[in-house]
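J.: If it helps, the file is called input_29.cif and holds mmCIF, C-alpha atoms:
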data_model
loop_
_atom_site.group_PDB
_atom_site.id
_atom_site.type_symbol
_atom_site.label_atom_id
_atom_site.label_comp_id
_atom_site.auth_asym_id
_atom_site.auth_seq_id
_atom_site.Cartn_x
_atom_site.Cartn_y
_atom_site.Cartn_z
ATOM 1 C CA MET A 1 15.493 -15.115 0.578
ATOM 2 C CA ILE A 2 12.097 -14.466 -1.014
ATOM 3 C CA ASP A 3 9.896 -17.453 -1.890
ATOM 4 C CA THR A 4 9.806 -16.730 -5.634
ATOM 5 C CA GLU A 5 7.332 -19.535 -6.389
ATOM 6 C CA LYS A 6 4.537 -17.458 -4.850
ATOM 7 C CA ILE A 7 5.498 -14.165 -6.513
ATOM 8 C CA PRO A 8 4.013 -13.789 -10.005
ATOM 9 C CA LEU A 9 5.966 -12.500 -12.983
ATOM 10 C CA THR A 10 5.223 -8.954 -14.005
ATOM 11 C CA GLU A 11 4.127 -8.154 -17.530
ATOM 12 C CA ALA A 12 7.615 -6.723 -18.116
ATOM 13 C CA ASP A 13 9.300 -9.935 -16.861
ATOM 14 C CA THR A 14 7.171 -11.977 -19.205
ATOM 15 C CA ALA A 15 8.057 -9.718 -22.144
ATOM 16 C CA ALA A 16 11.792 -9.870 -21.336
ATOM 17 C CA TYR A 17 11.825 -13.647 -20.884
ATOM 18 C CA ASP A 18 14.061 -15.611 -23.233
ATOM 19 C CA SER A 19 14.811 -19.323 -22.935
ATOM 20 C CA THR A 20 18.419 -18.815 -24.115
ATOM 21 C CA ALA A 21 18.990 -16.286 -21.322
ATOM 22 C CA GLN A 22 17.519 -18.742 -18.798
ATOM 23 C CA ILE A 23 19.819 -21.527 -20.040
ATOM 24 C CA LEU A 24 22.839 -19.222 -19.759
ATOM 25 C CA LYS A 25 21.891 -18.282 -16.175
ATOM 26 C CA ALA A 26 21.333 -21.931 -15.208
ATOM 27 C CA ALA A 27 24.666 -22.989 -16.739
ATOM 28 C CA MET A 28 26.604 -20.317 -14.794
ATOM 29 C CA ALA A 29 26.762 -22.621 -11.764
ATOM 30 C CA TYR A 30 28.775 -25.182 -13.758
ATOM 31 C CA VAL A 31 31.531 -22.996 -15.210
ATOM 32 C CA ASN A 32 34.423 -21.051 -13.715
ATOM 33 C CA PRO A 33 33.538 -17.556 -12.386
ATOM 34 C CA SER A 34 35.106 -15.566 -15.246
ATOM 35 C CA ILE A 35 33.065 -17.436 -17.851
ATOM 36 C CA GLY A 36 30.030 -17.223 -15.534
ATOM 37 C CA ARG A 37 30.305 -13.408 -15.500
ATOM 38 C CA MET A 38 30.381 -13.358 -19.287
ATOM 39 C CA MET A 39 27.333 -15.649 -19.421
ATOM 40 C CA ALA A 40 25.474 -13.400 -16.942
ATOM 41 C CA VAL A 41 26.197 -10.333 -19.082
ATOM 42 C CA MET A 42 25.041 -12.150 -22.204
ATOM 43 C CA ALA A 43 21.822 -13.313 -20.482
ATOM 44 C CA LYS A 44 21.022 -9.836 -19.202
ATOM 45 C CA SER A 45 21.838 -8.326 -22.620
ATOM 46 C CA ILE A 46 19.338 -10.659 -24.264
ATOM 47 C CA GLU A 47 16.682 -9.755 -21.664
ATOM 48 C CA LEU A 48 17.454 -6.041 -22.058
ATOM 49 C CA ARG A 49 17.057 -6.286 -25.836
ATOM 50 C CA HIS A 50 13.651 -7.961 -25.395
ATOM 51 C CA MET A 51 12.611 -5.308 -22.871
ATOM 52 C CA MET A 52 13.589 -2.459 -25.209
ATOM 53 C CA GLN A 53 11.585 -4.062 -28.030
ATOM 54 C CA TYR A 54 8.620 -4.419 -25.702
ATOM 55 C CA LEU A 55 8.825 -0.783 -24.593
ATOM 56 C CA ASP A 56 9.181 0.388 -28.209
ATOM 57 C CA GLN A 57 5.916 -1.422 -29.018
ATOM 58 C CA GLY A 58 3.944 0.452 -26.349
ATOM 59 C CA GLY A 59 5.313 -1.046 -23.180
ATOM 60 C CA VAL A 60 3.893 -1.596 -19.775
ATOM 61 C CA SER A 61 0.584 -0.088 -18.716
ATOM 62 C CA ALA A 62 -1.682 -1.062 -15.863
ATOM 63 C CA CYS A 63 -5.208 -1.967 -16.953
ATOM 64 C CA GLY A 64 -7.215 1.131 -17.801
ATOM 65 C CA VAL A 65 -4.631 3.572 -16.441
ATOM 66 C CA ASN A 66 -3.833 5.465 -19.635
ATOM 67 C CA ASN A 67 -4.840 9.065 -18.846
ATOM 68 C CA ARG A 68 -6.430 8.860 -15.397
ATOM 69 C CA ALA A 69 -4.839 9.842 -12.129
ATOM 70 C CA ILE A 70 -3.861 6.747 -10.171
ATOM 71 C CA PRO A 71 -4.418 6.789 -6.412
ATOM 72 C CA PRO A 72 -1.211 5.856 -4.546
ATOM 73 C CA GLU A 73 -3.131 3.185 -2.614
ATOM 74 C CA GLU A 74 -3.970 1.426 -5.882
ATOM 75 C CA VAL A 75 -0.315 1.396 -6.906
ATOM 76 C CA ILE A 76 0.773 0.066 -3.508
ATOM 77 C CA ARG A 77 -1.865 -2.688 -3.559
ATOM 78 C CA ASP A 78 -0.689 -3.722 -7.033
ATOM 79 C CA LEU A 79 2.995 -3.671 -6.062
ATOM 80 C CA ARG A 80 2.194 -5.769 -2.999
ATOM 81 C CA LYS A 81 1.667 -8.828 -5.269
ATOM 82 C CA TYR A 82 5.358 -8.836 -6.103
ATOM 83 C CA CYS A 83 6.706 -8.589 -2.556
ATOM 84 C CA GLY A 84 7.871 -10.965 0.101
ATOM 85 C CA ALA A 85 6.325 -11.053 3.583
ATOM 86 C CA LYS A 86 8.594 -8.334 5.021
ATOM 87 C CA GLU A 87 7.947 -5.930 2.145
ATOM 88 C CA LYS A 88 4.189 -6.636 2.277
ATOM 89 C CA GLU A 89 4.195 -5.734 5.969
ATOM 90 C CA GLN A 90 5.943 -2.427 5.194
ATOM 91 C CA LEU A 91 3.470 -1.636 2.420
ATOM 92 C CA ASP A 92 0.568 -2.518 4.722
ATOM 93 C CA ARG A 93 1.878 -0.060 7.321
ATOM 94 C CA CYS A 94 2.120 2.572 4.609
ATOM 95 C CA LEU A 95 -1.468 1.863 3.507
ATOM 96 C CA ASN A 96 -2.658 2.089 7.123
ATOM 97 C CA MET A 97 -0.977 5.469 7.537
ATOM 98 C CA MET A 98 -2.529 6.681 4.277
ATOM 99 C CA ASN A 99 -5.944 5.505 5.502
ATOM 100 C CA MET A 100 -5.413 7.324 8.798
ATOM 101 C CA ALA A 101 -4.509 10.499 6.933
ATOM 102 C CA LYS A 102 -7.651 10.172 4.795
ATOM 103 C CA MET A 103 -9.786 9.585 7.866
ATOM 104 C CA TYR A 104 -8.278 12.627 9.560
ATOM 105 C CA GLU A 105 -8.906 14.721 6.459
ATOM 106 C CA MET A 106 -12.506 13.477 6.331
ATOM 107 C CA TYR A 107 -12.877 14.404 9.982
ATOM 108 C CA ARG A 108 -11.426 17.877 9.400
ATOM 109 C CA ASN A 109 -13.818 18.431 6.506
ATOM 110 C CA PHE A 110 -16.674 17.108 8.593
ATOM 111 C CA SER A 111 -16.013 19.106 11.735
ATOM 112 C CA GLY A 112 -14.153 22.123 10.370
ATOM 113 C CA SER A 113 -11.488 21.549 13.001
ATOM 114 C CA GLY A 114 -8.089 19.900 13.082
ATOM 115 C CA ASP A 115 -8.307 19.084 16.788
ATOM 116 C CA LEU A 116 -7.622 15.395 17.403
ATOM 117 C CA SER A 117 -9.043 15.555 20.910
ATOM 118 C CA ALA A 118 -12.454 16.429 19.470
ATOM 119 C CA MET A 119 -12.183 13.498 17.069
ATOM 120 C CA ALA A 120 -11.235 11.067 19.823
ATOM 121 C CA SER A 121 -14.009 12.216 22.141
ATOM 122 C CA MET A 122 -16.579 12.175 19.327
ATOM 123 C CA MET A 123 -15.469 8.658 18.378
ATOM 124 C CA ALA A 124 -15.753 7.604 22.014
ATOM 125 C CA SER A 125 -19.291 8.968 22.190
ATOM 126 C CA ALA A 126 -20.131 7.321 18.858
ATOM 127 C CA SER A 127 -19.059 3.917 20.112
ATOM 128 C CA GLY A 128 -21.346 4.207 23.131
ATOM 129 C CA ALA A 129 -24.362 6.023 21.640
ATOM 130 C CA ASP A 130 -27.596 4.330 20.669
ATOM 131 C CA SER A 131 -29.570 6.921 18.722
ATOM 132 C CA GLY A 132 -30.704 10.511 18.843
ATOM 133 C CA GLU A 133 -28.341 13.074 20.304
ATOM 134 C CA SER A 134 -25.497 12.262 22.644
ATOM 135 C CA THR A 135 -23.072 14.428 24.518
ATOM 136 C CA ASN A 136 -19.376 13.655 24.471
ATOM 137 C CA ARG A 137 -17.066 14.157 27.423
ATOM 138 C CA ASP A 138 -16.207 17.713 26.308
ATOM 139 C CA GLY A 139 -19.891 18.677 26.460
ATOM 140 C CA ASN A 140 -20.247 18.802 22.656
ATOM 141 C CA THR A 141 -23.468 17.398 21.222
ATOM 142 C CA CYS A 142 -23.357 14.740 18.498
ATOM 143 C CA SER A 143 -26.512 14.175 16.459
ATOM 144 C CA ALA A 144 -27.567 10.697 15.316
ATOM 145 C CA SER A 145 -26.191 11.378 11.822
ATOM 146 C CA ASP A 146 -22.881 12.558 13.328
ATOM 147 C CA THR A 147 -22.754 9.403 15.415
ATOM 148 C CA ASP A 148 -23.498 7.207 12.383
ATOM 149 C CA TYR A 149 -20.804 8.989 10.399
ATOM 150 C CA LEU A 150 -18.293 8.586 13.199
ATOM 151 C CA ARG A 151 -19.166 4.906 13.638
ATOM 152 C CA LYS A 152 -18.555 4.421 9.933
ATOM 153 C CA MET A 153 -15.208 6.220 10.227
ATOM 154 C CA GLN A 154 -14.306 4.136 13.261
ATOM 155 C CA SER A 155 -15.171 0.886 11.448
ATOM 156 C CA MET A 156 -12.622 1.791 8.753
ATOM 157 C CA LEU A 157 -9.799 2.033 11.281
ATOM 158 C CA THR A 158 -7.809 -0.825 12.722
ATOM 159 C CA PRO A 159 -7.797 -1.222 16.509
ATOM 160 C CA GLU A 160 -4.199 0.020 16.486
ATOM 161 C CA GLN A 161 -5.208 3.199 14.659
ATOM 162 C CA ILE A 162 -8.042 3.832 17.097
ATOM 163 C CA GLN A 163 -5.637 3.373 20.005
ATOM 164 C CA LEU A 164 -3.165 5.761 18.329
ATOM 165 C CA ILE A 165 -5.878 8.428 18.089
ATOM 166 C CA ARG A 166 -6.773 7.880 21.750
ATOM 167 C CA ASN A 167 -3.097 8.134 22.713
ATOM 168 C CA MET A 168 -2.711 11.337 20.689
ATOM 169 C CA ASN A 169 -5.821 12.691 22.397
ATOM 170 C CA GLY A 170 -4.283 11.920 25.793
ATOM 171 C CA GLN A 171 -1.081 13.728 24.822
ATOM 172 C CA GLN A 172 -3.008 16.794 23.664
ATOM 173 C CA ASN A 173 -4.916 16.950 26.930
ATOM 174 C CA THR A 174 -1.774 16.924 29.104
#
Please render this file's structure as structure tokens.

T.:
Amino acid sequence: MIDTEKIPLTEADTAAYDSTAQILKAAMAYVNPSIGRMMAVMAKSIELRHMMQYLDQGGVSACGVNNRAIPPEEVIRDLRKYCGAKEKEQLDRCLNMMNMAKMYEMYRNFSGSGDLSAMASMMASASGADSGESTNRDGNTCSASDTDYLRKMQSMLTPEQIQLIRNMNGQQNT
């Protein structure tokens, strides 16, 4: 069961709230099941009526969203507030995968290649380079700006993501 004390009410929940509906739901535990079902339907009908009124008056809108495109990451981070620990973990994995995809796309744009082995070897050389030019294990030269860029990319990844890239590199080389 989710610890509901730590999960905030959404704007829609607040708009649909009705003390009579809450009383009906609380009283359901003290009546026989057939009357309890009727009370549950009445409570939900009251909440539904409030929700329809709220939506007719303009409804739910995230702050400043109106006509701009909303990045999926922003939506996921907002939804995360209303989740339990298990759901938060799933959303975090989704965010990590989205970040990996963005990093890979940045790499492809940067290098003009979709080869993960080049990315892994360049990241390996970036983590060991000091300044100036360095040569990765494939014999490709990385300039200082390339190395700085790759270090920045690497700092945005979790250790698990870095290991995944290394593992993928190993699979491509076999």

J.: Mind telling me what the PyMOL selection byres ((chain A and resi 78-92) around 8) catches here, as a PyMOL selection string?

T.: chain A and resi 2-3+7-10+74-77+93-96

J.: Using C-alpha atoms, can you export the residues from the last selection as a tab-separated table (two decimals), in the frame of the given file?

T.:
chain	number	residue	atom	x	y	z
A	2	ILE	CA	12.10	-14.47	-1.01
A	3	ASP	CA	9.90	-17.45	-1.89
A	7	ILE	CA	5.50	-14.16	-6.51
A	8	PRO	CA	4.01	-13.79	-10.01
A	9	LEU	CA	5.97	-12.50	-12.98
A	10	THR	CA	5.22	-8.95	-14.00
A	74	GLU	CA	-3.97	1.43	-5.88
A	75	VAL	CA	-0.32	1.40	-6.91
A	76	ILE	CA	0.77	0.07	-3.51
A	77	ARG	CA	-1.86	-2.69	-3.56
A	93	ARG	CA	1.88	-0.06	7.32
A	94	CYS	CA	2.12	2.57	4.61
A	95	LEU	CA	-1.47	1.86	3.51
A	96	ASN	CA	-2.66	2.09	7.12

J.: Have a look at atom CA of A:Met52 and atom CA of A:Ala15 and let me know their distance in Å, one decimal.

T.: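 Going from atom CA of A:Met52 over to atom CA of A:Ala15 covers 9.6 Å.
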
J.: For the file shown, what are the residues hit by the PyMOL selection byres ((chain A and resi 37-45) around 12), laid out as an NGL selection string?

T.: :A and (13 or 16-36 or 46-52)

J.: Generate the output file for the selected residues, C-alpha atoms, as an mmCIF file, in the frame of the given file.

T.:
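selection_2.cif written:
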data_model
loop_
_atom_site.group_PDB
_atom_site.id
_atom_site.type_symbol
_atom_site.label_atom_id
_atom_site.label_comp_id
_atom_site.auth_asym_id
_atom_site.auth_seq_id
_atom_site.Cartn_x
_atom_site.Cartn_y
_atom_site.Cartn_z
ATOM 1 C CA ASP A 13 9.300 -9.935 -16.861
ATOM 2 C CA ALA A 16 11.792 -9.870 -21.336
ATOM 3 C CA TYR A 17 11.825 -13.647 -20.884
ATOM 4 C CA ASP A 18 14.061 -15.611 -23.233
ATOM 5 C CA SER A 19 14.811 -19.323 -22.935
ATOM 6 C CA THR A 20 18.419 -18.815 -24.115
ATOM 7 C CA ALA A 21 18.990 -16.286 -21.322
ATOM 8 C CA GLN A 22 17.519 -18.742 -18.798
ATOM 9 C CA ILE A 23 19.819 -21.527 -20.040
ATOM 10 C CA LEU A 24 22.839 -19.222 -19.759
ATOM 11 C CA LYS A 25 21.891 -18.282 -16.175
ATOM 12 C CA ALA A 26 21.333 -21.931 -15.208
ATOM 13 C CA ALA A 27 24.666 -22.989 -16.739
ATOM 14 C CA MET A 28 26.604 -20.317 -14.794
ATOM 15 C CA ALA A 29 26.762 -22.621 -11.764
ATOM 16 C CA TYR A 30 28.775 -25.182 -13.758
ATOM 17 C CA VAL A 31 31.531 -22.996 -15.210
ATOM 18 C CA ASN A 32 34.423 -21.051 -13.715
ATOM 19 C CA PRO A 33 33.538 -17.556 -12.386
ATOM 20 C CA SER A 34 35.106 -15.566 -15.246
ATOM 21 C CA ILE A 35 33.065 -17.436 -17.851
ATOM 22 C CA GLY A 36 30.030 -17.223 -15.534
ATOM 23 C CA ILE A 46 19.338 -10.659 -24.264
ATOM 24 C CA GLU A 47 16.682 -9.755 -21.664
ATOM 25 C CA LEU A 48 17.454 -6.041 -22.058
ATOM 26 C CA ARG A 49 17.057 -6.286 -25.836
ATOM 27 C CA HIS A 50 13.651 -7.961 -25.395
ATOM 28 C CA MET A 51 12.611 -5.308 -22.871
ATOM 29 C CA MET A 52 13.589 -2.459 -25.209
#

J.: Quick check, in Å to one decimal: how far apart do atom CA of A:Leu164 and atom CA of A:Asn109 lie?

T.: 20.3 Å

J.: Which distance in Å separates atom CA of A:Gln57 and atom CA of A:Lys6, to one decimal?

T.: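 Between these atoms lies a distance of 29.0 Å.
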